[in-house]
Amino acid sequence: MKVKIGLKLTLIMVILGLFSSNTVGIVLFLRSRVDITDLAYKYAQNLGEKGADNVKAYLDEYWSSVETISEMIGQYNGIILSNRRNYLNVTLRGLTESKPDVIGIWCVWEPDVLEGNDQANLS
């Protein structure tokens, strides 16, 4: 069976066309995969940064309260000895009540540091 040269050339051109279009498709697929991976990484990083900023903003909102407590506790020697415990309790309670999101505020002291009579205040 004799095949005409035109048919052979057409067949070769179709095969080359399919091969080149498949090659281009594979190259585009691989490039798009890299681009999609890069976009996904950047998106995840952006979400993480936004989440971190939200947490920081939330914690910064309460940082002033922590600084207030720190300053107050640092000056406890200036408070009359018999009033120290009550003063600190009222102040901590007031800070807690002024911030509805806060469950509780507390501080820890060495034994008998406030007024030297922790046993009298045990419940």
# chains A, B, ... in the order shown; residues from 1 in each chain; ligands from 1
call {"tool": "residues_around", "arguments": {"residues": "range 106-114 of chain A", "least_positions_apart": "5", "cutoff": "7 Å", "atoms": "only C-alpha atoms", "output": "PyMOL selection string"}}
result
chain A and resi 84-85+92
call {"tool": "write_last_selection", "arguments": {"atoms": "N, CA and C atoms", "output": "PDB file, in the first residue's frame"}}
result
ATOM      1  N   ARG A  84      -2.226  47.574 103.651  1.00  0.00           N
ATOM      2  CA  ARG A  84      -1.657  47.042 102.413  1.00  0.00           C
ATOM      3  C   ARG A  84      -2.534  45.980 101.751  1.00  0.00           C
ATOM      4  N   ARG A  85      -2.869  44.969 102.491  1.00  0.00           N
ATOM      5  CA  ARG A  85      -3.624  43.846 101.910  1.00  0.00           C
ATOM      6  C   ARG A  85      -4.974  44.323 101.362  1.00  0.00           C
ATOM      7  N   LEU A  92      -6.959  45.381  92.854  1.00  0.00           N
ATOM      8  CA  LEU A  92      -7.031  44.257  91.919  1.00  0.00           C
ATOM      9  C   LEU A  92      -8.484  43.947  91.551  1.00  0.00           C
TER      10      LEU A  92
END
call {"tool": "closest_residue", "arguments": {"among": "A:Lys50, A:Lys56, A:Lys4, A:Arg93", "to": "Ile69 in chain A", "atoms": "only C-alpha atoms"}}
result
A:Arg93
call {"tool": "select_by_dssp", "arguments": {"residues": "chain A", "states": "helix (DSSP H, G or I)", "output": "PyMOL selection string"}}
result
chain A and resi 5-74+76-78+81-98+118-121
call {"tool": "atom_distance", "arguments": {"atom1": "CA of Arg31 in chain A", "atom2": "CA of Ile15 in chain A"}}
result
24.2 Å
call {"tool": "closest_residue", "arguments": {"among": "A:Glu97, A:Glu67, A:Leu7, A:Glu115", "to": "Asn83 in chain A", "atoms": "only C-alpha atoms"}}
result
A:Glu115
call {"tool": "atom_distance", "arguments": {"atom1": "CA of Val14 in chain A", "atom2": "CA of Leu30 in chain A"}}
result
24.1 Å
call {"tool": "closest_residue", "arguments": {"among": "A:Leu59, A:Ile80, A:Met72, A:Ala120", "to": "Val102 in chain A", "atoms": "only C-alpha atoms"}}
result
A:Leu59
call {"tool": "residues_around", "arguments": {"residues": "Tyr62 in chain A", "least_positions_apart": "6", "cutoff": "12 Å", "atoms": "only C-alpha atoms", "output": "list in words"}}
result
Val55, Lys56, Thr68, Ile69, Leu95, Thr96, Ser98, Lys99, Pro100, Asp101, Val102 and Ile105 of chain A
